[in-house]
file structure-v7.cif (mmCIF, C-alpha atoms (C1' of nucleotides))
data_work
loop_
_atom_site.group_PDB
_atom_site.id
_atom_site.type_symbol
_atom_site.label_atom_id
_atom_site.label_comp_id
_atom_site.auth_asym_id
_atom_site.auth_seq_id
_atom_site.Cartn_x
_atom_site.Cartn_y
_atom_site.Cartn_z
ATOM 1 C CA MET D 17 22.060 17.504 22.324
ATOM 2 C CA ALA D 18 18.878 17.877 20.448
ATOM 3 C CA ASP D 19 18.920 15.489 17.547
ATOM 4 C CA ARG D 20 20.625 12.336 18.587
ATOM 5 C CA ASP D 21 18.751 9.117 18.143
ATOM 6 C CA ASP D 22 16.085 10.316 20.515
ATOM 7 C CA ILE D 23 13.577 10.085 17.729
ATOM 8 C CA PRO D 24 14.755 7.269 15.545
ATOM 9 C CA PRO D 25 12.835 7.429 12.297
ATOM 10 C CA VAL D 26 11.085 4.147 12.761
ATOM 11 C CA ARG D 27 7.372 3.701 12.575
ATOM 12 C CA LEU D 28 5.246 0.614 12.816
ATOM 13 C CA LYS D 29 2.191 0.797 10.631
ATOM 14 C CA LEU D 30 -0.678 -1.585 11.146
ATOM 15 C CA ARG D 31 -3.163 -2.673 8.586
ATOM 16 C CA LEU D 32 -6.058 -4.879 9.510
ATOM 17 C CA VAL D 33 -7.434 -6.865 6.630
ATOM 18 C CA PHE D 34 -10.889 -8.239 7.257
ATOM 19 C CA GLY D 35 -11.057 -10.654 4.373
ATOM 20 C CA ASP D 36 -12.510 -8.786 1.440
ATOM 21 C CA ARG D 37 -14.811 -6.767 3.630
ATOM 22 C CA LEU D 38 -12.547 -3.996 4.706
ATOM 23 C CA THR D 39 -9.007 -2.942 5.305
ATOM 24 C CA LEU D 40 -8.342 -0.639 8.208
ATOM 25 C CA GLY D 41 -5.048 1.184 8.456
ATOM 26 C CA PRO D 42 -3.517 4.447 9.581
ATOM 27 C CA GLY D 43 -5.315 6.443 6.905
ATOM 28 C CA LYS D 44 -8.836 5.564 7.915
ATOM 29 C CA ALA D 45 -7.987 5.773 11.602
ATOM 30 C CA ASP D 46 -6.593 9.283 11.245
ATOM 31 C CA LEU D 47 -9.567 10.251 9.173
ATOM 32 C CA LEU D 48 -11.960 9.052 11.844
ATOM 33 C CA GLU D 49 -10.043 10.963 14.449
ATOM 34 C CA ARG D 50 -10.195 14.192 12.499
ATOM 35 C CA ILE D 51 -13.844 13.837 11.659
ATOM 36 C CA GLY D 52 -14.499 13.443 15.352
ATOM 37 C CA ALA D 53 -12.473 16.539 16.104
ATOM 38 C CA LEU D 54 -13.622 18.749 13.258
ATOM 39 C CA GLY D 55 -17.182 17.626 12.738
ATOM 40 C CA SER D 56 -16.882 17.541 9.002
ATOM 41 C CA ILE D 57 -15.710 15.129 6.347
ATOM 42 C CA SER D 58 -14.443 17.869 4.079
ATOM 43 C CA ALA D 59 -12.613 19.648 6.890
ATOM 44 C CA ALA D 60 -11.021 16.380 7.936
ATOM 45 C CA GLY D 61 -9.986 15.696 4.384
ATOM 46 C CA ARG D 62 -8.502 19.145 3.974
ATOM 47 C CA ALA D 63 -6.599 18.761 7.239
ATOM 48 C CA MET D 64 -5.020 15.616 5.847
ATOM 49 C CA GLY D 65 -4.298 16.975 2.406
ATOM 50 C CA MET D 66 -6.837 14.547 1.046
ATOM 51 C CA SER D 67 -9.517 15.268 -1.503
ATOM 52 C CA TYR D 68 -13.081 15.287 -0.270
ATOM 53 C CA ARG D 69 -13.809 12.607 -2.819
ATOM 54 C CA ARG D 70 -11.367 10.259 -1.235
ATOM 55 C CA ALA D 71 -12.255 11.111 2.347
ATOM 56 C CA TRP D 72 -15.890 10.463 1.614
ATOM 57 C CA SER D 73 -15.189 7.187 -0.136
ATOM 58 C CA LEU D 74 -13.211 5.931 2.841
ATOM 59 C CA VAL D 75 -16.065 6.829 5.160
ATOM 60 C CA GLU D 76 -18.494 5.110 2.821
ATOM 61 C CA GLU D 77 -16.341 2.013 2.820
ATOM 62 C CA MET D 78 -16.251 1.850 6.604
ATOM 63 C CA ASN D 79 -19.929 2.551 7.036
ATOM 64 C CA ALA D 80 -20.728 -0.230 4.613
ATOM 65 C CA ALA D 81 -18.466 -2.724 6.311
ATOM 66 C CA PHE D 82 -19.439 -2.239 9.915
ATOM 67 C CA GLY D 83 -22.740 -3.306 11.357
ATOM 68 C CA HIS D 84 -23.627 0.249 12.223
ATOM 69 C CA ALA D 85 -22.329 3.407 10.635
ATOM 70 C CA VAL D 86 -19.161 4.781 12.182
ATOM 71 C CA VAL D 87 -19.758 8.248 10.786
ATOM 72 C CA GLN D 88 -23.141 9.896 10.622
ATOM 73 C CA SER D 89 -23.588 12.861 8.349
ATOM 74 C CA THR D 90 -26.211 15.500 7.766
ATOM 75 C CA ARG D 91 -26.841 17.681 4.764
ATOM 76 C CA GLY D 92 -27.898 21.264 4.983
ATOM 77 C CA GLY D 93 -28.274 22.969 8.322
ATOM 78 C CA PRO D 94 -26.455 25.731 10.162
ATOM 79 C CA GLN D 95 -23.057 25.198 8.578
ATOM 80 C CA GLY D 96 -24.372 23.464 5.533
ATOM 81 C CA GLY D 97 -24.131 20.088 7.160
ATOM 82 C CA GLY D 98 -21.557 18.065 8.955
ATOM 83 C CA ALA D 99 -20.499 14.694 10.193
ATOM 84 C CA HIS D 100 -19.730 13.159 13.541
ATOM 85 C CA LEU D 101 -18.581 9.859 14.929
ATOM 86 C CA THR D 102 -21.161 7.445 16.212
ATOM 87 C CA PRO D 103 -20.433 5.504 19.397
ATOM 88 C CA GLU D 104 -19.362 2.651 17.129
ATOM 89 C CA GLY D 105 -17.026 4.998 15.329
ATOM 90 C CA ARG D 106 -15.420 6.135 18.550
ATOM 91 C CA GLN D 107 -15.090 2.534 19.611
ATOM 92 C CA VAL D 108 -13.381 1.570 16.368
ATOM 93 C CA LEU D 109 -10.935 4.427 16.735
ATOM 94 C CA THR D 110 -10.251 3.598 20.360
ATOM 95 C CA LEU D 111 -9.626 -0.043 19.597
ATOM 96 C CA TYR D 112 -7.306 0.812 16.745
ATOM 97 C CA ARG D 113 -5.264 3.187 18.884
ATOM 98 C CA GLU D 114 -5.057 0.625 21.640
ATOM 99 C CA LEU D 115 -3.905 -1.888 19.085
ATOM 100 C CA GLU D 116 -1.185 0.489 17.956
ATOM 101 C CA ASP D 117 -0.027 1.082 21.481
ATOM 102 C CA ARG D 118 0.065 -2.552 22.480
ATOM 103 C CA THR D 119 1.776 -3.777 19.356
ATOM 104 C CA ALA D 120 4.380 -1.039 19.522
ATOM 105 C CA GLU D 121 5.147 -2.058 23.052
ATOM 106 C CA ALA D 122 5.124 -5.776 22.406
ATOM 107 C CA GLY D 123 7.404 -5.473 19.416
ATOM 108 C CA ALA D 124 9.761 -2.846 20.758
ATOM 109 C CA ASP D 125 12.660 -5.262 21.083
ATOM 110 C CA GLN D 126 12.434 -6.518 17.527
ATOM 111 C CA ILE D 127 11.960 -3.036 16.158
ATOM 112 C CA VAL D 128 15.015 -1.760 17.951
ATOM 113 C CA ALA D 129 17.014 -4.759 16.805
ATOM 114 C CA LEU D 130 16.001 -4.278 13.180
ATOM 115 C CA ARG D 131 16.714 -0.606 13.363
ATOM 116 C CA GLY D 132 20.155 -1.391 14.684
ATOM 117 C CA MET D 133 20.878 -3.487 11.631
ATOM 118 C CA LEU D 134 20.432 -0.614 9.237
ATOM 119 C CA GLY D 135 23.542 0.632 7.574
ATOM 120 C CA ASP D 136 25.298 3.541 9.191
ATOM 121 C CA MET D 137 24.938 6.513 6.951
ATOM 122 C CA PRO D 138 26.966 9.688 7.397
ATOM 123 C CA GLN D 139 23.730 11.518 6.965
ATOM 124 C CA GLY D 140 21.218 9.022 8.233
ATOM 125 C CA LYS D 141 18.218 11.220 7.523
ATOM 126 C CA MET G 8 -16.848 -28.009 14.995
ATOM 127 C CA ALA G 9 -14.569 -27.392 12.128
ATOM 128 C CA ASP G 10 -15.374 -24.114 10.505
ATOM 129 C CA ARG G 11 -16.846 -21.869 13.074
ATOM 130 C CA ASP G 12 -14.948 -18.727 13.645
ATOM 131 C CA ASP G 13 -11.802 -20.715 14.149
ATOM 132 C CA ILE G 14 -10.266 -18.984 11.198
ATOM 133 C CA PRO G 15 -11.872 -15.608 11.001
ATOM 134 C CA PRO G 16 -10.700 -13.860 7.869
ATOM 135 C CA VAL G 17 -8.740 -11.283 9.768
ATOM 136 C CA ARG G 18 -5.101 -10.595 9.206
ATOM 137 C CA LEU G 19 -2.820 -8.089 10.815
ATOM 138 C CA LYS G 20 -0.226 -6.787 8.419
ATOM 139 C CA LEU G 21 2.821 -4.985 9.708
ATOM 140 C CA ARG G 22 4.874 -2.489 7.848
ATOM 141 C CA LEU G 23 8.015 -1.075 9.340
ATOM 142 C CA VAL G 24 8.955 2.298 7.965
ATOM 143 C CA PHE G 25 12.553 3.237 8.631
ATOM 144 C CA GLY G 26 12.343 6.870 7.715
ATOM 145 C CA ASP G 27 13.137 7.162 4.053
ATOM 146 C CA ARG G 28 15.667 4.367 4.184
ATOM 147 C CA LEU G 29 13.460 1.355 3.817
ATOM 148 C CA THR G 30 10.017 -0.027 4.340
ATOM 149 C CA LEU G 31 9.733 -3.629 5.424
ATOM 150 C CA GLY G 32 6.431 -5.422 5.168
ATOM 151 C CA PRO G 33 4.950 -8.826 4.438
ATOM 152 C CA GLY G 34 6.087 -8.783 0.826
ATOM 153 C CA LYS G 35 9.796 -8.459 1.492
ATOM 154 C CA ALA G 36 9.611 -10.828 4.446
ATOM 155 C CA ASP G 37 7.935 -13.535 2.385
ATOM 156 C CA LEU G 38 10.411 -12.945 -0.376
ATOM 157 C CA LEU G 39 13.335 -13.390 1.994
ATOM 158 C CA GLU G 40 11.800 -16.574 3.306
ATOM 159 C CA ARG G 41 11.374 -18.052 -0.154
ATOM 160 C CA ILE G 42 14.820 -17.057 -1.283
ATOM 161 C CA GLY G 43 16.166 -18.860 1.740
ATOM 162 C CA ALA G 44 14.117 -21.921 0.911
ATOM 163 C CA LEU G 45 14.568 -21.987 -2.849
ATOM 164 C CA GLY G 46 18.052 -20.573 -3.269
ATOM 165 C CA SER G 47 17.059 -18.331 -6.124
ATOM 166 C CA ILE G 48 15.569 -14.906 -6.582
ATOM 167 C CA SER G 49 13.728 -15.864 -9.728
ATOM 168 C CA ALA G 50 12.334 -19.056 -8.203
ATOM 169 C CA ALA G 51 11.185 -17.114 -5.158
ATOM 170 C CA GLY G 52 9.534 -14.548 -7.377
ATOM 171 C CA ARG G 53 7.786 -17.190 -9.417
ATOM 172 C CA ALA G 54 6.548 -18.887 -6.273
ATOM 173 C CA MET G 55 4.942 -15.635 -5.233
ATOM 174 C CA GLY G 56 3.514 -14.754 -8.620
ATOM 175 C CA MET G 57 5.905 -11.856 -8.744
ATOM 176 C CA SER G 58 7.999 -10.768 -11.694
ATOM 177 C CA TYR G 59 11.723 -11.289 -11.447
ATOM 178 C CA ARG G 60 12.106 -7.588 -12.030
ATOM 179 C CA ARG G 61 10.196 -6.768 -8.919
ATOM 180 C CA ALA G 62 11.708 -9.498 -6.782
ATOM 181 C CA TRP G 63 15.171 -8.355 -7.704
ATOM 182 C CA SER G 64 14.383 -4.704 -7.024
ATOM 183 C CA LEU G 65 13.091 -5.552 -3.553
ATOM 184 C CA VAL G 66 16.260 -7.476 -2.787
ATOM 185 C CA GLU G 67 18.313 -4.595 -4.099
ATOM 186 C CA GLU G 68 16.415 -2.195 -1.888
ATOM 187 C CA MET G 69 17.052 -4.266 1.210
ATOM 188 C CA ASN G 70 20.689 -4.886 0.461
ATOM 189 C CA ALA G 71 21.198 -1.169 0.026
ATOM 190 C CA ALA G 72 19.448 -0.266 3.247
ATOM 191 C CA PHE G 73 21.048 -2.719 5.653
ATOM 192 C CA GLY G 74 24.602 -2.515 6.783
ATOM 193 C CA HIS G 75 25.420 -5.852 5.226
ATOM 194 C CA ALA G 76 23.643 -7.540 2.365
ATOM 195 C CA VAL G 77 20.731 -9.728 3.381
ATOM 196 C CA VAL G 78 20.837 -11.695 0.150
ATOM 197 C CA GLN G 79 24.004 -12.756 -1.581
ATOM 198 C CA SER G 80 23.806 -13.827 -5.187
ATOM 199 C CA THR G 81 26.112 -15.517 -7.648
ATOM 200 C CA ARG G 82 26.011 -15.562 -11.414
ATOM 201 C CA GLY G 83 26.869 -18.546 -13.541
ATOM 202 C CA GLY G 84 27.736 -21.852 -11.990
ATOM 203 C CA PRO G 85 26.079 -25.241 -11.797
ATOM 204 C CA GLN G 86 22.496 -24.009 -12.028
ATOM 205 C CA GLY G 87 23.322 -20.766 -13.690
ATOM 206 C CA GLY G 88 23.648 -18.997 -10.426
ATOM 207 C CA GLY G 89 21.563 -18.479 -7.362
ATOM 208 C CA ALA G 90 21.012 -16.549 -4.201
ATOM 209 C CA HIS G 91 20.981 -17.290 -0.527
ATOM 210 C CA LEU G 92 20.333 -15.483 2.716
ATOM 211 C CA THR G 93 23.259 -14.135 4.651
ATOM 212 C CA PRO G 94 23.273 -14.452 8.449
ATOM 213 C CA GLU G 95 21.971 -10.879 8.513
ATOM 214 C CA GLY G 96 19.186 -11.859 6.160
ATOM 215 C CA ARG G 97 18.147 -14.755 8.342
ATOM 216 C CA GLN G 98 18.246 -12.464 11.347
ATOM 217 C CA VAL G 99 16.037 -9.880 9.657
ATOM 218 C CA LEU G 100 13.527 -12.551 8.736
ATOM 219 C CA THR G 101 13.566 -14.029 12.221
ATOM 220 C CA LEU G 102 13.048 -10.659 13.848
ATOM 221 C CA TYR G 103 10.187 -9.817 11.517
ATOM 222 C CA ARG G 104 8.435 -13.113 12.208
ATOM 223 C CA GLU G 105 8.897 -12.639 15.923
ATOM 224 C CA LEU G 106 7.452 -9.182 15.579
ATOM 225 C CA GLU G 107 4.427 -10.606 13.794
ATOM 226 C CA ASP G 108 3.904 -13.223 16.469
ATOM 227 C CA ARG G 109 4.221 -10.853 19.390
ATOM 228 C CA THR G 110 2.049 -8.138 17.933
ATOM 229 C CA ALA G 111 -0.650 -10.607 16.946
ATOM 230 C CA GLU G 112 -0.701 -11.890 20.485
ATOM 231 C CA ALA G 113 -0.568 -8.493 22.115
ATOM 232 C CA GLY G 114 -3.364 -7.127 19.975
ATOM 233 C CA ALA G 115 -5.586 -10.185 19.950
ATOM 234 C CA ASP G 116 -8.248 -8.587 22.134
ATOM 235 C CA GLN G 117 -8.591 -5.488 20.001
ATOM 236 C CA ILE G 118 -8.578 -7.483 16.803
ATOM 237 C CA VAL G 119 -11.318 -9.759 18.025
ATOM 238 C CA ALA G 120 -13.324 -6.784 19.221
ATOM 239 C CA LEU G 121 -13.010 -5.003 15.892
ATOM 240 C CA ARG G 122 -13.887 -8.133 14.023
ATOM 241 C CA GLY G 123 -16.985 -8.490 16.149
ATOM 242 C CA MET G 124 -18.139 -5.067 15.078
ATOM 243 C CA LEU G 125 -18.291 -5.975 11.421
ATOM 244 C CA GLY G 126 -21.712 -6.241 9.918
ATOM 245 C CA ASP G 127 -23.295 -9.651 9.763
ATOM 246 C CA MET G 128 -23.480 -10.691 6.169
ATOM 247 C CA PRO G 129 -25.611 -13.603 4.932
ATOM 248 C CA GLN G 130 -22.559 -14.692 3.012
ATOM 249 C CA GLY G 131 -19.758 -13.239 5.037
ATOM 250 C CA LYS G 132 -17.227 -14.896 2.729
ATOM 251 C "C1'" DG N 9 33.815 -23.680 -26.611
ATOM 252 C "C1'" DT N 10 28.991 -24.700 -26.353
ATOM 253 C "C1'" DT N 11 25.135 -25.147 -23.356
ATOM 254 C "C1'" DC N 12 22.349 -23.669 -19.543
ATOM 255 C "C1'" DG N 13 19.841 -21.169 -16.003
ATOM 256 C "C1'" DT N 14 20.325 -17.339 -13.369
ATOM 257 C "C1'" DT N 15 21.593 -12.625 -12.257
ATOM 258 C "C1'" DG N 16 21.547 -7.920 -13.785
ATOM 259 C "C1'" DT N 17 19.497 -4.040 -16.498
ATOM 260 C "C1'" DA N 18 17.023 -1.335 -19.990
ATOM 261 C "C1'" DT N 19 12.874 -0.272 -22.457
ATOM 262 C "C1'" DC N 20 8.106 -0.264 -23.214
ATOM 263 C "C1'" DC N 21 3.250 -0.814 -21.765
ATOM 264 C "C1'" DT N 22 -0.756 -1.062 -19.070
ATOM 265 C "C1'" DG N 23 -3.892 -1.195 -15.069
ATOM 266 C "C1'" DT N 24 -5.069 1.231 -11.313
ATOM 267 C "C1'" DC N 25 -5.434 4.670 -7.724
ATOM 268 C "C1'" DG N 26 -6.621 8.888 -6.569
ATOM 269 C "C1'" DG N 27 -6.904 13.942 -7.737
ATOM 270 C "C1'" DA N 28 -9.413 17.552 -10.372
ATOM 271 C "C1'" DC N 29 -13.556 19.120 -11.826
ATOM 272 C "C1'" DA N 30 -18.520 19.348 -12.412
ATOM 273 C "C1'" DT N 31 -23.140 19.016 -10.470
ATOM 274 C "C1'" DA N 32 -27.004 17.970 -7.756
ATOM 275 C "C1'" DT N 33 -29.126 18.098 -3.271
ATOM 276 C "C1'" DC N 34 -30.196 19.505 1.173
ATOM 277 C "C1'" DG N 35 -31.665 22.575 4.957
ATOM 278 C "C1'" DC N 36 -31.009 26.685 7.877
ATOM 279 C "C1'" DC N 37 -30.674 31.595 7.981
ATOM 280 C "C1'" DG N 38 -30.842 36.248 6.710
ATOM 281 C "C1'" DC F 21 -36.660 32.918 -1.483
ATOM 282 C "C1'" DG F 22 -31.978 33.066 -2.669
ATOM 283 C "C1'" DG F 23 -27.470 32.151 -0.864
ATOM 284 C "C1'" DC F 24 -24.260 29.437 1.594
ATOM 285 C "C1'" DG F 25 -21.618 25.480 2.918
ATOM 286 C "C1'" DA F 26 -21.394 20.756 3.294
ATOM 287 C "C1'" DT F 27 -22.762 16.157 1.688
ATOM 288 C "C1'" DA F 28 -23.269 13.043 -2.221
ATOM 289 C "C1'" DT F 29 -21.895 11.254 -6.789
ATOM 290 C "C1'" DG F 30 -20.415 10.966 -11.563
ATOM 291 C "C1'" DT F 31 -16.817 11.649 -15.165
ATOM 292 C "C1'" DC F 32 -12.349 12.482 -16.886
ATOM 293 C "C1'" DC F 33 -7.279 12.169 -16.632
ATOM 294 C "C1'" DG F 34 -2.499 12.074 -15.239
ATOM 295 C "C1'" DA F 35 1.046 9.768 -12.522
ATOM 296 C "C1'" DC F 36 3.307 5.905 -11.484
ATOM 297 C "C1'" DA F 37 4.075 1.257 -9.740
ATOM 298 C "C1'" DG F 38 4.862 -2.825 -11.513
ATOM 299 C "C1'" DG F 39 4.357 -6.499 -15.365
ATOM 300 C "C1'" DA F 40 6.078 -7.991 -19.978
ATOM 301 C "C1'" DT F 41 9.721 -8.415 -22.804
ATOM 302 C "C1'" DA F 42 14.303 -8.399 -24.466
ATOM 303 C "C1'" DC F 43 19.106 -8.987 -23.951
ATOM 304 C "C1'" DA F 44 23.955 -9.009 -22.068
ATOM 305 C "C1'" DA F 45 27.094 -11.174 -18.746
ATOM 306 C "C1'" DC F 46 28.515 -14.839 -16.148
ATOM 307 C "C1'" DG F 47 30.667 -19.215 -14.783
ATOM 308 C "C1'" DA F 48 30.632 -24.169 -14.008
ATOM 309 C "C1'" DA F 49 30.034 -28.544 -16.284
ATOM 310 C "C1'" DC F 50 30.407 -31.312 -20.119
#

call {"tool": "encode", "arguments": {"input": "structure-v7.cif", "output": "structure tokens"}}
result
Amino acid sequence: MADRDDIPPVRLKLRLVFGDRLTLGPGKADLLERIGALGSISAAGRAMGMSYRRAWSLVEEMNAAFGHAVVQSTRGGPQGGGAHLTPEGRQVLTLYRELEDRTAEAGADQIVALRGMLGDMPQGK
Amino acid sequence: MADRDDIPPVRLKLRLVFGDRLTLGPGKADLLERIGALGSISAAGRAMGMSYRRAWSLVEEMNAAFGHAVVQSTRGGPQGGGAHLTPEGRQVLTLYRELEDRTAEAGADQIVALRGMLGDMPQGK
DNA sequence: GTTCGTTGTATCCTGTCGGACATATCGCCG
DNA sequence: CGGCGATATGTCCGACAGGATACAACGAAC
């Protein structure tokens, strides 16, 4: 009674494309979230199995695109430095999560319908 | 009153991930639409600037994932062959478009808010 | 049975993304 | 003042998705 279709393997991923300025998807959102929680770009990257190089470049991209930086970082200091979300950064993350929630809800019917059209596999996994 | 922010360069792309069975995003949806309109995989691919190889592989992927084929193709014949959407294919396309419409509507507030947070560029492009 | 345009499939090639690695810099703290 | 840990940034390289190309099979029309 554990693994029925309680958790159908369906996920809706969103990707906002702001012209050629920026693309914002699950990757950057998760990164923001982890930076906020861990206080460090490198720690956030490690937690996501992502190289620091890449994590930093994503942050750079976002900071460049938004009016104000979403992540503020400091070098040196007690733990060698760190990074934290600015109010704008928290706002971006909040809006993205809200967007995920609302779209998932609004499209639930279609998602279920599409899922139902998938072929029945003996071992669906 | 023509080009204000009437058409802000913001687009919400959706990507449905059905576990490891299939991922369905704008590419496959557009491809389905063009196959339905043009009656040919190669013509649809050309219209999208996509190689036949790729177009065909996407169709193959979808046909394998759904219970019934979404695209049915024939070789030889009057025009050498062709392809058309099955009822299932039309249904998949319809559901995906509905999903796009509903999510865009449901997330309009967040999208506008995020767009408003972008930096003001002299040439926003 | 020749022609024709498409499907179906293999083989090769290349552009690109991101990881790995190498440094430099910074600023507390012992 | 030297070490530490994190940011900041450049260079090199391998993996791989997808384009280019080539070719066989097909089936109706003529």

call {"tool": "closest_atom_pairs", "arguments": {"input": "structure-v7.cif", "of": "segment 60-132 of chain D", "to": "segment 25-49 of chain F", "cutoff": "9 Å", "atoms": "all atoms listed in the file", "output": "tab-separated table"}}
result
residue	atom	partner	partner_atom	distance
D:Trp72	CA	F:DA28	C1'	8.7
D:Ser89	CA	F:DT27	C1'	7.5
D:Thr90	CA	F:DT27	C1'	7.0
D:Arg91	CA	F:DT27	C1'	5.3
D:Gly92	CA	F:DA26	C1'	6.7
D:Gly93	CA	F:DA26	C1'	8.8
D:Pro94	CA	F:DG25	C1'	8.7
D:Gln95	CA	F:DG25	C1'	5.8
D:Gly96	CA	F:DG25	C1'	4.3
D:Gly97	CA	F:DA26	C1'	4.8
D:Gly98	CA	F:DA26	C1'	6.3
D:Ala99	CA	F:DT27	C1'	8.9

call {"tool": "write_last_selection", "arguments": {"input": "structure-v7.cif", "atoms": "C-alpha atoms", "output": "CSV table (one decimal), in the coordinates of the input"}}
result
chain,number,residue,atom,x,y,z
D,72,TRP,CA,-15.9,10.5,1.6
D,89,SER,CA,-23.6,12.9,8.3
D,90,THR,CA,-26.2,15.5,7.8
D,91,ARG,CA,-26.8,17.7,4.8
D,92,GLY,CA,-27.9,21.3,5.0
D,93,GLY,CA,-28.3,23.0,8.3
D,94,PRO,CA,-26.5,25.7,10.2
D,95,GLN,CA,-23.1,25.2,8.6
D,96,GLY,CA,-24.4,23.5,5.5
D,97,GLY,CA,-24.1,20.1,7.2
D,98,GLY,CA,-21.6,18.1,9.0
D,99,ALA,CA,-20.5,14.7,10.2

call {"tool": "resolve_selection", "arguments": {"input": "structure-v7.cif", "expression": "the PyMOL selection byres ((chain N and resi 26) around 10)", "output": "MDAnalysis selection string"}}
result
(chainID D and resid 66:67 69:70) or (chainID N and resid 24:25 27:28) or (chainID F and resid 35)

call {"tool": "closest_residue", "arguments": {"input": "structure-v7.cif", "among": "G:Gln79, G:Ser64, G:Gln98, G:Thr30", "to": "Ile42 of chain G", "atoms": "all atoms listed in the file"}}
result
G:Gln79

call {"tool": "closest_residue", "arguments": {"input": "structure-v7.cif", "among": "D:Leu47, D:Leu130, D:Leu40, D:Leu109", "to": "Gly65 of chain D", "atoms": "only C-alpha atoms"}}
result
D:Leu47

call {"tool": "interface_residues", "arguments": {"input": "structure-v7.cif", "of": "chain D", "to": "chain G", "cutoff": "8 Å", "atoms": "only C-alpha atoms", "output": "ChimeraX atom specification"}}
result
/D:25-36,81-84,108,111-112,114-115,118-120,122-123,126-127,129-131,133-136,141

call {"tool": "write_last_selection", "arguments": {"input": "structure-v7.cif", "atoms": "C-alpha atoms", "output": "tab-separated table (two decimals), keeping the file's coordinate frame"}}
result
chain	number	residue	atom	x	y	z
D	25	PRO	CA	12.84	7.43	12.30
D	26	VAL	CA	11.08	4.15	12.76
D	27	ARG	CA	7.37	3.70	12.58
D	28	LEU	CA	5.25	0.61	12.82
D	29	LYS	CA	2.19	0.80	10.63
D	30	LEU	CA	-0.68	-1.58	11.15
D	31	ARG	CA	-3.16	-2.67	8.59
D	32	LEU	CA	-6.06	-4.88	9.51
D	33	VAL	CA	-7.43	-6.86	6.63
D	34	PHE	CA	-10.89	-8.24	7.26
D	35	GLY	CA	-11.06	-10.65	4.37
D	36	ASP	CA	-12.51	-8.79	1.44
D	81	ALA	CA	-18.47	-2.72	6.31
D	82	PHE	CA	-19.44	-2.24	9.91
D	83	GLY	CA	-22.74	-3.31	11.36
D	84	HIS	CA	-23.63	0.25	12.22
D	108	VAL	CA	-13.38	1.57	16.37
D	111	LEU	CA	-9.63	-0.04	19.60
D	112	TYR	CA	-7.31	0.81	16.74
D	114	GLU	CA	-5.06	0.62	21.64
D	115	LEU	CA	-3.90	-1.89	19.08
D	118	ARG	CA	0.06	-2.55	22.48
D	119	THR	CA	1.78	-3.78	19.36
D	120	ALA	CA	4.38	-1.04	19.52
D	122	ALA	CA	5.12	-5.78	22.41
D	123	GLY	CA	7.40	-5.47	19.42
D	126	GLN	CA	12.43	-6.52	17.53
D	127	ILE	CA	11.96	-3.04	16.16
D	129	ALA	CA	17.01	-4.76	16.80
D	130	LEU	CA	16.00	-4.28	13.18
D	131	ARG	CA	16.71	-0.61	13.36
D	133	MET	CA	20.88	-3.49	11.63
D	134	LEU	CA	20.43	-0.61	9.24
D	135	GLY	CA	23.54	0.63	7.57
D	136	ASP	CA	25.30	3.54	9.19
D	141	LYS	CA	18.22	11.22	7.52

call {"tool": "closest_residue", "arguments": {"input": "structure-v7.cif", "among": "D:Ala71, D:Met64, D:Leu54, D:Ala45", "to": "chain N", "atoms": "all atoms listed in the file"}}
result
D:Ala71

call {"tool": "atom_distance", "arguments": {"input": "structure-v7.cif", "atom1": "atom CA of Glu49 of chain D", "atom2": "atom CA of Gly105 of chain D"}}
result
9.2 Å

call {"tool": "closest_atom_pairs", "arguments": {"input": "structure-v7.cif", "of": "chain N", "to": "chain D", "cutoff": "7 Å", "atoms": "all atoms listed in the file", "output": "CSV"}}
result
residue,atom,partner,partner_atom,distance
N:DG27,C1',D:Ser67,CA,6.9
N:DC34,C1',D:Gly92,CA,4.8
N:DG35,C1',D:Gly92,CA,4.0
N:DC36,C1',D:Gly93,CA,4.6

call {"tool": "atom_distance", "arguments": {"input": "structure-v7.cif", "atom1": "atom CA of Pro103 of chain D", "atom2": "atom CA of Gly52 of chain D"}}
result
10.7 Å

call {"tool": "axis_aligned_box", "arguments": {"input": "structure-v7.cif", "around": "segment 117-134 of chain D", "padding_each_side": "6 Å", "output": "AutoDock Vina command-line options"}}
result
--center_x 10.4 --center_y -2.7 --center_z 16.1 --size_x 32.9 --size_y 19.6 --size_z 25.8

call {"tool": "resolve_selection", "arguments": {"input": "structure-v7.cif", "expression": "the PyMOL selection byres ((chain N and resi 38) around 12)", "output": "list in words"}}
result
Pro94 of chain D; DC36 and DC37 of chain N; DC21, DG22, DG23 and DC24 of chain F

call {"tool": "closest_residue", "arguments": {"input": "structure-v7.cif", "among": "G:Ala44, G:Leu92, G:Leu39, G:Leu65", "to": "chain F", "atoms": "only C-alpha atoms (C1' of nucleotides)"}}
result
G:Leu65
